[in-house]
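S.K.: Compact mmCIF, N, CA and C atoms and all ligand atoms, saved as target-v9.txt, coming up:
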```
# COMPACT_ATOMS: atom_id res chain seq x y z
N ASP I 29 2.45 2.82 -18.71
CA ASP I 29 1.63 2.91 -17.50
C ASP I 29 2.48 2.67 -16.25
N THR I 30 2.17 3.42 -15.23
CA THR I 30 2.97 3.33 -14.00
C THR I 30 2.11 2.96 -12.81
N VAL I 31 2.64 2.07 -11.98
CA VAL I 31 2.03 1.77 -10.69
C VAL I 31 2.92 2.38 -9.60
N HIS I 32 2.29 3.06 -8.66
CA HIS I 32 3.01 3.61 -7.52
C HIS I 32 2.76 2.72 -6.31
N VAL I 33 3.83 2.27 -5.68
CA VAL I 33 3.70 1.51 -4.43
C VAL I 33 4.23 2.42 -3.33
N LEU I 34 3.32 2.82 -2.44
CA LEU I 34 3.66 3.82 -1.42
C LEU I 34 3.54 3.22 -0.03
N ASN I 35 4.57 3.43 0.75
CA ASN I 35 4.66 2.82 2.08
C ASN I 35 4.83 3.89 3.15
N GLY I 36 4.10 3.72 4.24
CA GLY I 36 4.11 4.69 5.33
C GLY I 36 5.09 4.37 6.44
N PRO I 37 4.84 4.94 7.61
CA PRO I 37 5.81 4.97 8.70
C PRO I 37 6.21 3.60 9.24
N ASN I 38 7.48 3.50 9.55
CA ASN I 38 8.10 2.33 10.18
C ASN I 38 8.30 1.15 9.24
N LEU I 39 7.81 1.27 8.02
CA LEU I 39 7.99 0.16 7.08
C LEU I 39 9.43 0.10 6.56
N ASN I 40 10.21 1.17 6.76
CA ASN I 40 11.65 1.11 6.46
C ASN I 40 12.35 0.10 7.37
N LEU I 41 11.73 -0.23 8.50
CA LEU I 41 12.36 -1.15 9.46
C LEU I 41 11.95 -2.61 9.25
N LEU I 42 11.19 -2.88 8.17
CA LEU I 42 10.77 -4.26 7.91
C LEU I 42 11.97 -5.20 7.90
N GLY I 43 11.72 -6.40 8.45
CA GLY I 43 12.81 -7.37 8.55
C GLY I 43 13.25 -7.52 9.99
N THR I 44 13.39 -6.36 10.65
CA THR I 44 13.78 -6.40 12.08
C THR I 44 12.64 -5.96 12.98
N ARG I 45 11.62 -5.30 12.41
CA ARG I 45 10.52 -4.77 13.21
C ARG I 45 9.52 -5.89 13.51
N GLU I 46 9.34 -6.24 14.78
CA GLU I 46 8.35 -7.23 15.20
C GLU I 46 8.17 -8.33 14.13
N PRO I 47 9.23 -9.10 13.86
CA PRO I 47 9.17 -10.07 12.76
C PRO I 47 8.08 -11.13 12.93
N GLU I 48 7.66 -11.37 14.19
CA GLU I 48 6.58 -12.35 14.41
C GLU I 48 5.26 -11.83 13.84
N ILE I 49 5.16 -10.51 13.68
CA ILE I 49 3.94 -9.92 13.09
C ILE I 49 4.14 -9.60 11.61
N TYR I 50 5.30 -9.01 11.29
CA TYR I 50 5.49 -8.49 9.94
C TYR I 50 6.40 -9.34 9.06
N GLY I 51 6.98 -10.41 9.64
CA GLY I 51 7.82 -11.29 8.84
C GLY I 51 9.25 -10.80 8.76
N ARG I 52 10.07 -11.53 8.02
CA ARG I 52 11.51 -11.25 7.96
C ARG I 52 11.92 -10.56 6.66
N SER I 53 10.97 -10.36 5.77
CA SER I 53 11.32 -9.66 4.52
C SER I 53 11.61 -8.20 4.82
N THR I 54 12.59 -7.67 4.11
CA THR I 54 12.94 -6.25 4.25
C THR I 54 12.17 -5.43 3.22
N ILE I 55 12.25 -4.11 3.37
CA ILE I 55 11.59 -3.22 2.40
C ILE I 55 12.23 -3.41 1.01
N ALA I 56 13.51 -3.75 0.99
CA ALA I 56 14.17 -4.03 -0.31
C ALA I 56 13.57 -5.29 -0.94
N ASP I 57 13.24 -6.28 -0.11
CA ASP I 57 12.59 -7.49 -0.63
C ASP I 57 11.20 -7.15 -1.19
N VAL I 58 10.47 -6.27 -0.49
CA VAL I 58 9.15 -5.86 -0.97
C VAL I 58 9.29 -5.16 -2.31
N GLU I 59 10.29 -4.26 -2.40
CA GLU I 59 10.50 -3.54 -3.66
C GLU I 59 10.83 -4.51 -4.79
N ALA I 60 11.69 -5.50 -4.50
CA ALA I 60 12.07 -6.47 -5.54
C ALA I 60 10.86 -7.27 -6.01
N ALA I 61 10.00 -7.65 -5.09
CA ALA I 61 8.79 -8.40 -5.46
C ALA I 61 7.87 -7.53 -6.32
N CYS I 62 7.75 -6.25 -5.94
CA CYS I 62 6.90 -5.34 -6.72
C CYS I 62 7.49 -5.11 -8.11
N ARG I 63 8.83 -5.01 -8.17
CA ARG I 63 9.48 -4.75 -9.45
C ARG I 63 9.27 -5.93 -10.40
N SER I 64 9.39 -7.15 -9.88
CA SER I 64 9.22 -8.29 -10.81
C SER I 64 7.75 -8.42 -11.20
N ALA I 65 6.83 -8.12 -10.30
CA ALA I 65 5.40 -8.16 -10.69
C ALA I 65 5.11 -7.13 -11.78
N CYS I 66 5.64 -5.92 -11.62
CA CYS I 66 5.40 -4.88 -12.62
C CYS I 66 6.05 -5.24 -13.96
N GLU I 67 7.27 -5.79 -13.91
CA GLU I 67 7.95 -6.20 -15.15
C GLU I 67 7.13 -7.24 -15.90
N ARG I 68 6.58 -8.18 -15.14
CA ARG I 68 5.75 -9.24 -15.73
C ARG I 68 4.56 -8.64 -16.49
N HIS I 69 4.05 -7.52 -16.01
CA HIS I 69 2.88 -6.90 -16.64
C HIS I 69 3.27 -5.75 -17.58
N GLY I 70 4.57 -5.50 -17.74
CA GLY I 70 4.99 -4.39 -18.60
C GLY I 70 4.64 -3.03 -18.03
N LEU I 71 4.60 -2.94 -16.71
CA LEU I 71 4.28 -1.67 -16.04
C LEU I 71 5.54 -1.07 -15.44
N ASP I 72 5.61 0.26 -15.43
CA ASP I 72 6.69 0.94 -14.71
C ASP I 72 6.31 1.03 -13.23
N LEU I 73 7.34 1.07 -12.40
CA LEU I 73 7.12 1.09 -10.95
C LEU I 73 7.77 2.31 -10.31
N VAL I 74 6.99 3.01 -9.49
CA VAL I 74 7.56 4.00 -8.56
C VAL I 74 7.35 3.44 -7.17
N PHE I 75 8.44 3.20 -6.45
CA PHE I 75 8.36 2.58 -5.12
C PHE I 75 8.92 3.55 -4.10
N ARG I 76 8.10 3.92 -3.10
CA ARG I 76 8.54 4.92 -2.13
C ARG I 76 8.11 4.58 -0.72
N GLN I 77 8.88 5.07 0.24
CA GLN I 77 8.55 4.92 1.66
C GLN I 77 8.82 6.23 2.37
N THR I 78 7.95 6.60 3.30
CA THR I 78 8.20 7.79 4.11
C THR I 78 7.63 7.58 5.51
N ASN I 79 8.25 8.24 6.47
CA ASN I 79 7.73 8.22 7.84
C ASN I 79 6.82 9.42 8.12
N HIS I 80 6.61 10.28 7.10
CA HIS I 80 5.92 11.55 7.32
C HIS I 80 4.57 11.59 6.62
N GLU I 81 3.55 11.92 7.37
CA GLU I 81 2.18 11.92 6.83
C GLU I 81 2.04 12.86 5.63
N GLY I 82 2.56 14.09 5.78
CA GLY I 82 2.41 15.07 4.69
C GLY I 82 3.15 14.64 3.43
N GLU I 83 4.26 13.95 3.61
CA GLU I 83 5.02 13.47 2.44
C GLU I 83 4.22 12.39 1.70
N LEU I 84 3.50 11.58 2.47
CA LEU I 84 2.64 10.57 1.84
C LEU I 84 1.54 11.25 1.02
N VAL I 85 1.01 12.35 1.54
CA VAL I 85 0.02 13.15 0.79
C VAL I 85 0.64 13.64 -0.52
N THR I 86 1.86 14.15 -0.45
CA THR I 86 2.55 14.63 -1.66
C THR I 86 2.78 13.48 -2.65
N PHE I 87 3.21 12.33 -2.15
CA PHE I 87 3.43 11.17 -3.02
C PHE I 87 2.13 10.79 -3.73
N LEU I 88 1.02 10.84 -3.01
CA LEU I 88 -0.29 10.51 -3.62
C LEU I 88 -0.64 11.53 -4.70
N GLN I 89 -0.40 12.81 -4.42
CA GLN I 89 -0.67 13.83 -5.43
C GLN I 89 0.17 13.59 -6.68
N GLU I 90 1.41 13.14 -6.47
CA GLU I 90 2.31 12.90 -7.60
C GLU I 90 1.94 11.64 -8.39
N ALA I 91 1.07 10.81 -7.81
CA ALA I 91 0.63 9.59 -8.50
C ALA I 91 -0.56 9.85 -9.41
N ARG I 92 -1.03 11.09 -9.45
CA ARG I 92 -2.16 11.45 -10.31
C ARG I 92 -1.89 11.01 -11.74
N GLY I 93 -2.88 10.40 -12.39
CA GLY I 93 -2.71 9.98 -13.78
C GLY I 93 -2.08 8.61 -13.95
N SER I 94 -1.68 7.98 -12.86
CA SER I 94 -1.06 6.65 -12.95
C SER I 94 -2.13 5.57 -13.10
N ARG I 95 -1.66 4.33 -13.38
CA ARG I 95 -2.58 3.19 -13.46
C ARG I 95 -3.27 2.94 -12.12
N GLY I 96 -2.50 3.12 -11.05
CA GLY I 96 -3.07 2.94 -9.72
C GLY I 96 -1.98 2.93 -8.67
N VAL I 97 -2.43 2.88 -7.44
CA VAL I 97 -1.53 2.96 -6.30
C VAL I 97 -1.76 1.77 -5.38
N VAL I 98 -0.67 1.13 -4.99
CA VAL I 98 -0.71 0.15 -3.91
C VAL I 98 -0.24 0.88 -2.67
N LEU I 99 -1.11 1.00 -1.69
CA LEU I 99 -0.83 1.84 -0.53
C LEU I 99 -0.84 1.05 0.77
N ASN I 100 0.30 1.01 1.43
CA ASN I 100 0.36 0.56 2.82
C ASN I 100 0.67 1.80 3.65
N ALA I 101 -0.37 2.45 4.14
CA ALA I 101 -0.19 3.69 4.89
C ALA I 101 0.21 3.42 6.34
N ALA I 102 0.38 2.13 6.68
CA ALA I 102 0.80 1.72 8.04
C ALA I 102 -0.11 2.40 9.07
N ALA I 103 0.46 2.95 10.14
CA ALA I 103 -0.39 3.46 11.23
C ALA I 103 -1.28 4.62 10.79
N TYR I 104 -0.87 5.36 9.74
CA TYR I 104 -1.72 6.47 9.27
C TYR I 104 -3.04 5.98 8.70
N THR I 105 -3.10 4.71 8.33
CA THR I 105 -4.36 4.09 7.90
C THR I 105 -5.48 4.38 8.90
N HIS I 106 -5.10 4.30 10.17
CA HIS I 106 -6.09 4.34 11.23
C HIS I 106 -6.35 5.75 11.76
N THR I 107 -5.62 6.73 11.22
CA THR I 107 -5.70 8.09 11.79
C THR I 107 -5.89 9.21 10.77
N SER I 108 -5.58 8.97 9.49
CA SER I 108 -5.35 10.11 8.59
C SER I 108 -6.50 10.45 7.64
N VAL I 109 -7.21 11.54 7.97
CA VAL I 109 -8.19 12.11 7.05
C VAL I 109 -7.46 12.73 5.85
N ALA I 110 -6.27 13.29 6.08
CA ALA I 110 -5.52 13.95 5.01
C ALA I 110 -5.16 12.98 3.89
N ILE I 111 -4.81 11.75 4.24
CA ILE I 111 -4.45 10.77 3.22
C ILE I 111 -5.70 10.34 2.44
N ALA I 112 -6.80 10.12 3.13
CA ALA I 112 -8.05 9.78 2.43
C ALA I 112 -8.45 10.91 1.48
N ASP I 113 -8.33 12.15 1.94
CA ASP I 113 -8.67 13.30 1.09
C ASP I 113 -7.76 13.37 -0.14
N ALA I 114 -6.49 13.06 0.04
CA ALA I 114 -5.53 13.11 -1.09
C ALA I 114 -5.90 12.09 -2.16
N ILE I 115 -6.35 10.91 -1.73
CA ILE I 115 -6.75 9.87 -2.69
C ILE I 115 -7.93 10.35 -3.51
N LYS I 116 -8.90 10.97 -2.84
CA LYS I 116 -10.07 11.50 -3.55
C LYS I 116 -9.68 12.66 -4.45
N ALA I 117 -8.86 13.56 -3.93
CA ALA I 117 -8.48 14.77 -4.68
C ALA I 117 -7.75 14.41 -5.97
N ALA I 118 -6.90 13.37 -5.90
CA ALA I 118 -6.09 13.00 -7.07
C ALA I 118 -6.84 11.99 -7.96
N GLY I 119 -8.01 11.55 -7.53
CA GLY I 119 -8.80 10.63 -8.34
C GLY I 119 -8.09 9.30 -8.58
N LEU I 120 -7.45 8.78 -7.55
CA LEU I 120 -6.60 7.59 -7.71
C LEU I 120 -7.38 6.30 -7.49
N ILE I 121 -6.97 5.27 -8.24
CA ILE I 121 -7.40 3.90 -7.93
C ILE I 121 -6.37 3.35 -6.96
N VAL I 122 -6.85 3.00 -5.76
CA VAL I 122 -5.94 2.54 -4.70
C VAL I 122 -6.32 1.14 -4.26
N VAL I 123 -5.30 0.29 -4.15
CA VAL I 123 -5.48 -0.98 -3.44
C VAL I 123 -4.74 -0.83 -2.10
N GLU I 124 -5.50 -0.92 -1.03
CA GLU I 124 -4.94 -0.81 0.33
C GLU I 124 -4.35 -2.16 0.72
N VAL I 125 -3.12 -2.14 1.18
CA VAL I 125 -2.44 -3.39 1.56
C VAL I 125 -1.90 -3.28 2.97
N HIS I 126 -2.04 -4.36 3.73
CA HIS I 126 -1.37 -4.51 5.02
C HIS I 126 -0.73 -5.88 5.07
N LEU I 127 0.48 -5.92 5.56
CA LEU I 127 1.19 -7.20 5.70
C LEU I 127 0.46 -8.11 6.69
N SER I 128 0.09 -7.55 7.83
CA SER I 128 -0.56 -8.33 8.89
C SER I 128 -2.07 -8.31 8.70
N ASN I 129 -2.74 -9.27 9.34
CA ASN I 129 -4.21 -9.27 9.35
C ASN I 129 -4.66 -8.31 10.45
N VAL I 130 -4.93 -7.08 10.04
CA VAL I 130 -5.27 -6.04 11.02
C VAL I 130 -6.53 -6.38 11.83
N PHE I 131 -7.39 -7.22 11.26
CA PHE I 131 -8.65 -7.57 11.95
C PHE I 131 -8.44 -8.62 13.04
N ALA I 132 -7.28 -9.26 13.03
CA ALA I 132 -6.95 -10.22 14.08
C ALA I 132 -6.13 -9.54 15.18
N ARG I 133 -6.01 -8.22 15.12
CA ARG I 133 -5.16 -7.49 16.06
C ARG I 133 -6.00 -6.51 16.90
N GLU I 134 -5.36 -5.52 17.47
CA GLU I 134 -6.05 -4.60 18.38
C GLU I 134 -7.23 -3.91 17.67
N ALA I 135 -8.25 -3.55 18.46
CA ALA I 135 -9.46 -2.93 17.91
C ALA I 135 -9.14 -1.64 17.15
N PHE I 136 -8.13 -0.88 17.62
CA PHE I 136 -7.85 0.40 16.93
C PHE I 136 -7.34 0.19 15.52
N ARG I 137 -6.92 -1.04 15.18
CA ARG I 137 -6.49 -1.32 13.80
C ARG I 137 -7.64 -1.77 12.90
N HIS I 138 -8.84 -1.91 13.47
CA HIS I 138 -9.97 -2.40 12.68
C HIS I 138 -10.60 -1.30 11.83
N HIS I 139 -10.35 -0.05 12.22
CA HIS I 139 -10.90 1.05 11.43
C HIS I 139 -9.85 1.61 10.48
N SER I 140 -10.26 1.83 9.23
CA SER I 140 -9.37 2.42 8.23
C SER I 140 -10.05 3.62 7.58
N PHE I 141 -9.33 4.74 7.53
CA PHE I 141 -9.81 5.90 6.77
C PHE I 141 -9.61 5.69 5.26
N ILE I 142 -8.75 4.71 4.91
CA ILE I 142 -8.42 4.47 3.50
C ILE I 142 -9.47 3.59 2.82
N SER I 143 -9.96 2.58 3.54
CA SER I 143 -10.85 1.58 2.91
C SER I 143 -12.03 2.19 2.16
N PRO I 144 -12.72 3.21 2.71
CA PRO I 144 -13.87 3.77 1.98
C PRO I 144 -13.51 4.41 0.65
N VAL I 145 -12.24 4.78 0.46
CA VAL I 145 -11.83 5.42 -0.80
C VAL I 145 -10.92 4.50 -1.62
N ALA I 146 -10.79 3.23 -1.18
CA ALA I 146 -9.97 2.25 -1.91
C ALA I 146 -10.85 1.42 -2.84
N ARG I 147 -10.24 0.92 -3.92
CA ARG I 147 -10.93 -0.01 -4.81
C ARG I 147 -11.07 -1.36 -4.12
N GLY I 148 -10.02 -1.76 -3.39
CA GLY I 148 -10.03 -3.02 -2.67
C GLY I 148 -9.00 -3.01 -1.56
N VAL I 149 -9.08 -4.03 -0.74
CA VAL I 149 -8.21 -4.13 0.44
C VAL I 149 -7.65 -5.55 0.53
N ILE I 150 -6.34 -5.66 0.77
CA ILE I 150 -5.70 -6.96 0.98
C ILE I 150 -4.95 -6.89 2.31
N CYS I 151 -5.21 -7.82 3.21
CA CYS I 151 -4.43 -7.82 4.44
C CYS I 151 -4.18 -9.23 4.93
N GLY I 152 -3.07 -9.40 5.63
CA GLY I 152 -2.76 -10.67 6.29
C GLY I 152 -1.96 -11.64 5.46
N LEU I 153 -1.59 -11.26 4.23
CA LEU I 153 -0.90 -12.18 3.33
C LEU I 153 0.58 -11.85 3.18
N GLY I 154 1.10 -11.01 4.07
CA GLY I 154 2.52 -10.66 4.01
C GLY I 154 2.86 -9.94 2.72
N ILE I 155 4.09 -10.13 2.24
CA ILE I 155 4.51 -9.35 1.06
C ILE I 155 3.81 -9.83 -0.21
N ASP I 156 3.24 -11.01 -0.18
CA ASP I 156 2.42 -11.48 -1.31
C ASP I 156 1.29 -10.52 -1.63
N GLY I 157 0.79 -9.84 -0.60
CA GLY I 157 -0.31 -8.89 -0.79
C GLY I 157 0.03 -7.81 -1.80
N TYR I 158 1.31 -7.38 -1.80
CA TYR I 158 1.73 -6.34 -2.74
C TYR I 158 1.63 -6.85 -4.18
N ARG I 159 2.12 -8.09 -4.37
CA ARG I 159 2.08 -8.67 -5.72
C ARG I 159 0.64 -8.84 -6.19
N LEU I 160 -0.21 -9.33 -5.29
CA LEU I 160 -1.62 -9.53 -5.66
C LEU I 160 -2.27 -8.20 -6.02
N ALA I 161 -1.92 -7.15 -5.31
CA ALA I 161 -2.48 -5.83 -5.59
C ALA I 161 -2.03 -5.35 -6.97
N ILE I 162 -0.75 -5.57 -7.30
CA ILE I 162 -0.24 -5.17 -8.63
C ILE I 162 -0.93 -5.99 -9.71
N ASP I 163 -1.10 -7.29 -9.48
CA ASP I 163 -1.82 -8.14 -10.45
C ASP I 163 -3.21 -7.58 -10.71
N ALA I 164 -3.90 -7.17 -9.64
CA ALA I 164 -5.27 -6.64 -9.78
C ALA I 164 -5.26 -5.36 -10.59
N LEU I 165 -4.33 -4.46 -10.30
CA LEU I 165 -4.27 -3.19 -11.05
C LEU I 165 -3.91 -3.44 -12.50
N ALA I 166 -3.05 -4.44 -12.74
CA ALA I 166 -2.58 -4.71 -14.11
C ALA I 166 -3.66 -5.38 -14.95
N THR I 167 -4.37 -6.33 -14.39
CA THR I 167 -5.25 -7.14 -15.22
C THR I 167 -6.60 -6.48 -15.46
N ALA I 168 -7.20 -5.92 -14.43
CA ALA I 168 -8.53 -5.33 -14.61
C ALA I 168 -8.51 -3.83 -14.33
N GLY I 169 -7.30 -3.27 -14.23
CA GLY I 169 -7.22 -1.87 -13.82
C GLY I 169 -7.87 -1.68 -12.47
N GLY I 170 -7.96 -2.79 -11.72
CA GLY I 170 -8.59 -2.71 -10.41
C GLY I 170 -10.10 -2.70 -10.47
N LYS I 171 -10.67 -2.90 -11.67
CA LYS I 171 -12.13 -2.86 -11.81
C LYS I 171 -12.75 -4.22 -11.62
N ILE I 172 -13.88 -4.27 -10.95
CA ILE I 172 -14.63 -5.52 -10.83
C ILE I 172 -15.39 -5.73 -12.12
N SER I 173 -15.21 -6.92 -12.74
CA SER I 173 -15.88 -7.14 -14.02
C SER I 173 -17.05 -8.10 -13.88
C1 LIG I 201 0.40 -2.38 8.82
C2 LIG I 201 -0.67 -2.53 9.91
C3 LIG I 201 -0.82 -1.24 10.70
O1 LIG I 201 -1.83 -1.39 11.70
C4 LIG I 201 0.49 -0.89 11.38
O2 LIG I 201 0.38 0.35 12.06
C5 LIG I 201 1.65 -0.90 10.46
C6 LIG I 201 1.73 -1.90 9.39
C7 LIG I 201 0.68 -3.73 8.11
O3 LIG I 201 1.28 -3.70 7.03
O4 LIG I 201 0.32 -4.80 8.62
O5 LIG I 201 2.59 -0.13 10.63
O6 LIG I 201 -0.06 -1.45 7.85
```
Step by step, read the file and then write its structure as structure tokens.
Ligand code: DQA
M.R.:
Amino acid sequence: DTVHVLNGPNLNLLGTREPEIYGRSTIADVEAACRSACERHGLDLVFRQTNHEGELVTFLQEARGSRGVVLNAAAYTHTSVAIADAIKAAGLIVVEVHLSNVFAREAFRHHSFISPVARGVICGLGIDGYRLAIDALATAGGKIS
């Protein structure tokens, strides 16, 4: 079984990007945390980042048939009908993750096109959110029991 962890725009700059909001961990640190969480559960990991909306759509299509997707679509969360459509089209179980607490920030970050098609949402817990999302997909397949 494979978990896909997909990251959107500007997340390649983690570590140096507004560290007071996003912390000092780099994208390599996020990948390492995801890899050890997946190893703990005996799951394979596909970890990807892109700055391009259409590429994120392609990554989601390629995740079809997987155990689930941990998705931090970054700013596209708040703008992208195409990404929400891709999740539905591929029939994916998605846990939406944000490093920052988007609800404690600007109003334009309070709306998500992803949340209505996600199994669950984790925000504000930094890189721990990724691990928690993988734990959820691994233990209950993301299902509420
Ligand atoms: C983010 C929150 C988004 O609002 C923002 O555009 C990002 C990162 C987060 O992880 O906190 O780029 O998804």
S.K.: To one decimal place in Å, what is the distance between CA of Thr167 (chain I) and atom C of Val58 (chain I)?
M.R.: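 Between CA of Thr167 (chain I) and atom C of Val58 (chain I) the gap is 19.5 Å.
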S.K.: Closest to ligand LIG 201 (chain I) among I:Gly96, I:Gly152, I:Pro47, I:Gly119, using only C-alpha atoms and all ligand atoms?
M.R.: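 When distances to ligand LIG 201 (chain I) are compared using only C-alpha atoms and all ligand atoms, the smallest one comes from I:Gly152.
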S.K.: I'd like to know which of I:Ala146, I:Cys62, I:Val109, I:Cys151 is closest to Leu127 (chain I), using only N, CA and C atoms.
M.R.: I:Cys151
S.K.: How many Å separate CA of Arg147 (chain I) from atom N of Asn38 (chain I)?
M.R.: 23.6 Å
S.K.: Let me have all residues with an atom within 8 Å of ligand LIG 201 (chain I), counting only N, CA and C atoms and all ligand atoms, laid out as a PyMOL selection string.
M.R.: chain I and resi 36-39+49-50+99-106+125-130+134+136-138+151-152+154
S.K.: May I have the residues from that selection written out with N, CA and C atoms, as an mmCIF file, keeping the file's coordinate frame?
M.R.:
```cif
data_model
loop_
_atom_site.group_PDB
_atom_site.id
_atom_site.type_symbol
_atom_site.label_atom_id
_atom_site.label_comp_id
_atom_site.auth_asym_id
_atom_site.auth_seq_id
_atom_site.Cartn_x
_atom_site.Cartn_y
_atom_site.Cartn_z
ATOM 1 N N GLY I 36 4.100 3.720 4.240
ATOM 2 C CA GLY I 36 4.110 4.690 5.330
ATOM 3 C C GLY I 36 5.090 4.370 6.440
ATOM 4 N N PRO I 37 4.840 4.940 7.610
ATOM 5 C CA PRO I 37 5.810 4.970 8.700
ATOM 6 C C PRO I 37 6.210 3.600 9.240
ATOM 7 N N ASN I 38 7.480 3.500 9.550
ATOM 8 C CA ASN I 38 8.100 2.330 10.180
ATOM 9 C C ASN I 38 8.300 1.150 9.240
ATOM 10 N N LEU I 39 7.810 1.270 8.020
ATOM 11 C CA LEU I 39 7.990 0.160 7.080
ATOM 12 C C LEU I 39 9.430 0.100 6.560
ATOM 13 N N ILE I 49 5.160 -10.510 13.680
ATOM 14 C CA ILE I 49 3.940 -9.920 13.090
ATOM 15 C C ILE I 49 4.140 -9.600 11.610
ATOM 16 N N TYR I 50 5.300 -9.010 11.290
ATOM 17 C CA TYR I 50 5.490 -8.490 9.940
ATOM 18 C C TYR I 50 6.400 -9.340 9.060
ATOM 19 N N LEU I 99 -1.110 1.000 -1.690
ATOM 20 C CA LEU I 99 -0.830 1.840 -0.530
ATOM 21 C C LEU I 99 -0.840 1.050 0.770
ATOM 22 N N ASN I 100 0.300 1.010 1.430
ATOM 23 C CA ASN I 100 0.360 0.560 2.820
ATOM 24 C C ASN I 100 0.670 1.800 3.650
ATOM 25 N N ALA I 101 -0.370 2.450 4.140
ATOM 26 C CA ALA I 101 -0.190 3.690 4.890
ATOM 27 C C ALA I 101 0.210 3.420 6.340
ATOM 28 N N ALA I 102 0.380 2.130 6.680
ATOM 29 C CA ALA I 102 0.800 1.720 8.040
ATOM 30 C C ALA I 102 -0.110 2.400 9.070
ATOM 31 N N ALA I 103 0.460 2.950 10.140
ATOM 32 C CA ALA I 103 -0.390 3.460 11.230
ATOM 33 C C ALA I 103 -1.280 4.620 10.790
ATOM 34 N N TYR I 104 -0.870 5.360 9.740
ATOM 35 C CA TYR I 104 -1.720 6.470 9.270
ATOM 36 C C TYR I 104 -3.040 5.980 8.700
ATOM 37 N N THR I 105 -3.100 4.710 8.330
ATOM 38 C CA THR I 105 -4.360 4.090 7.900
ATOM 39 C C THR I 105 -5.480 4.380 8.900
ATOM 40 N N HIS I 106 -5.100 4.300 10.170
ATOM 41 C CA HIS I 106 -6.090 4.340 11.230
ATOM 42 C C HIS I 106 -6.350 5.750 11.760
ATOM 43 N N VAL I 125 -3.120 -2.140 1.180
ATOM 44 C CA VAL I 125 -2.440 -3.390 1.560
ATOM 45 C C VAL I 125 -1.900 -3.280 2.970
ATOM 46 N N HIS I 126 -2.040 -4.360 3.730
ATOM 47 C CA HIS I 126 -1.370 -4.510 5.020
ATOM 48 C C HIS I 126 -0.730 -5.880 5.070
ATOM 49 N N LEU I 127 0.480 -5.920 5.560
ATOM 50 C CA LEU I 127 1.190 -7.200 5.700
ATOM 51 C C LEU I 127 0.460 -8.110 6.690
ATOM 52 N N SER I 128 0.090 -7.550 7.830
ATOM 53 C CA SER I 128 -0.560 -8.330 8.890
ATOM 54 C C SER I 128 -2.070 -8.310 8.700
ATOM 55 N N ASN I 129 -2.740 -9.270 9.340
ATOM 56 C CA ASN I 129 -4.210 -9.270 9.350
ATOM 57 C C ASN I 129 -4.660 -8.310 10.450
ATOM 58 N N VAL I 130 -4.930 -7.080 10.040
ATOM 59 C CA VAL I 130 -5.270 -6.040 11.020
ATOM 60 C C VAL I 130 -6.530 -6.380 11.830
ATOM 61 N N GLU I 134 -5.360 -5.520 17.470
ATOM 62 C CA GLU I 134 -6.050 -4.600 18.380
ATOM 63 C C GLU I 134 -7.230 -3.910 17.670
ATOM 64 N N PHE I 136 -8.130 -0.880 17.620
ATOM 65 C CA PHE I 136 -7.850 0.400 16.930
ATOM 66 C C PHE I 136 -7.340 0.190 15.520
ATOM 67 N N ARG I 137 -6.920 -1.040 15.180
ATOM 68 C CA ARG I 137 -6.490 -1.320 13.800
ATOM 69 C C ARG I 137 -7.640 -1.770 12.900
ATOM 70 N N HIS I 138 -8.840 -1.910 13.470
ATOM 71 C CA HIS I 138 -9.970 -2.400 12.680
ATOM 72 C C HIS I 138 -10.600 -1.300 11.830
ATOM 73 N N CYS I 151 -5.210 -7.820 3.210
ATOM 74 C CA CYS I 151 -4.430 -7.820 4.440
ATOM 75 C C CYS I 151 -4.180 -9.230 4.930
ATOM 76 N N GLY I 152 -3.070 -9.400 5.630
ATOM 77 C CA GLY I 152 -2.760 -10.670 6.290
ATOM 78 C C GLY I 152 -1.960 -11.640 5.460
ATOM 79 N N GLY I 154 1.100 -11.010 4.070
ATOM 80 C CA GLY I 154 2.520 -10.660 4.010
ATOM 81 C C GLY I 154 2.860 -9.940 2.720
#
```
S.K.: Which of these residues is nearest to Gly157 (chain I), using all atoms listed in the file: I:Glu90, I:Asp113, I:Val145, I:Glu124?
M.R.: I:Glu124
S.K.: Can you tell me which residues surround Ala61 (chain I) at a distance of at most 7 Å, considering only C-alpha atoms, apart from same-chain residues fewer than 4 positions away, and format the answer as a list in words?
M.R.: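 My reading of the contact set: Asp57, Ala65 and Arg159 of chain I.
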S.K.: Rounded to one decimal in Å, what is the spacing between CA of Asp29 (chain I) and CA of Leu41 (chain I)?
M.R.: 29.3 Å
S.K.: Just asking: which residues within chain I are strand (DSSP E) according to DSSP, as a list in words?
M.R.: Thr30, Val31, His32, Val33, Leu34, Asn35, Asp72, Leu73, Val74, Phe75, Arg76, Gln77, Gly96, Val97, Val98, Leu99, Asn100, Val122, Val123, Glu124, Val125, His126, Gly148, Val149, Ile150 and Cys151 of chain I
S.K.: Which parts of region 38-161 of chain I does DSSP call alpha helix (DSSP H) when run on the backbone here, written out as a ChimeraX atom specification?
M.R.: /I:47-50,55-69,81-90,109-118,156-161
S.K.: Which is closer to Val31 (chain I) than all the others in I:Glu46, I:Asp163, I:Asp72, I:Glu81, using only N, CA and C atoms?
M.R.: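 Nearest to Val31 (chain I): I:Asp72.
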S.K.: Would you mind telling me which residue in I:Arg92, I:His32, I:His69, I:Arg52 lies nearest to Val123 (chain I) when using only C-alpha atoms?
M.R.: I:His32
S.K.: Between I:Ile115, I:Ile121, I:Leu73, I:Ala110, which one has atoms that come closest to Ala168 (chain I), using only C-alpha atoms?
M.R.: I:Ile121
S.K.: Mind checking which residues fall within 7 Å of Ala91 (chain I), counting all atoms listed in the file, ignoring those fewer than 3 positions away in the same chain, and posting them as a VMD selection string?
M.R.: chain I and resid 32 86 to 88 94 to 95 118 120
S.K.: Box for region 45-58 of chain I: with edges along x, y and z, all listed atoms inside and 3 Å added on each side, what are the centre and edge lengths in Å to one decimal, as AutoDock Vina command-line options?
M.R.:
```
--center_x 9.1 --center_y -7.8 --center_z 6.4 --size_x 16.2 --size_y 15.1 --size_z 23.5
```
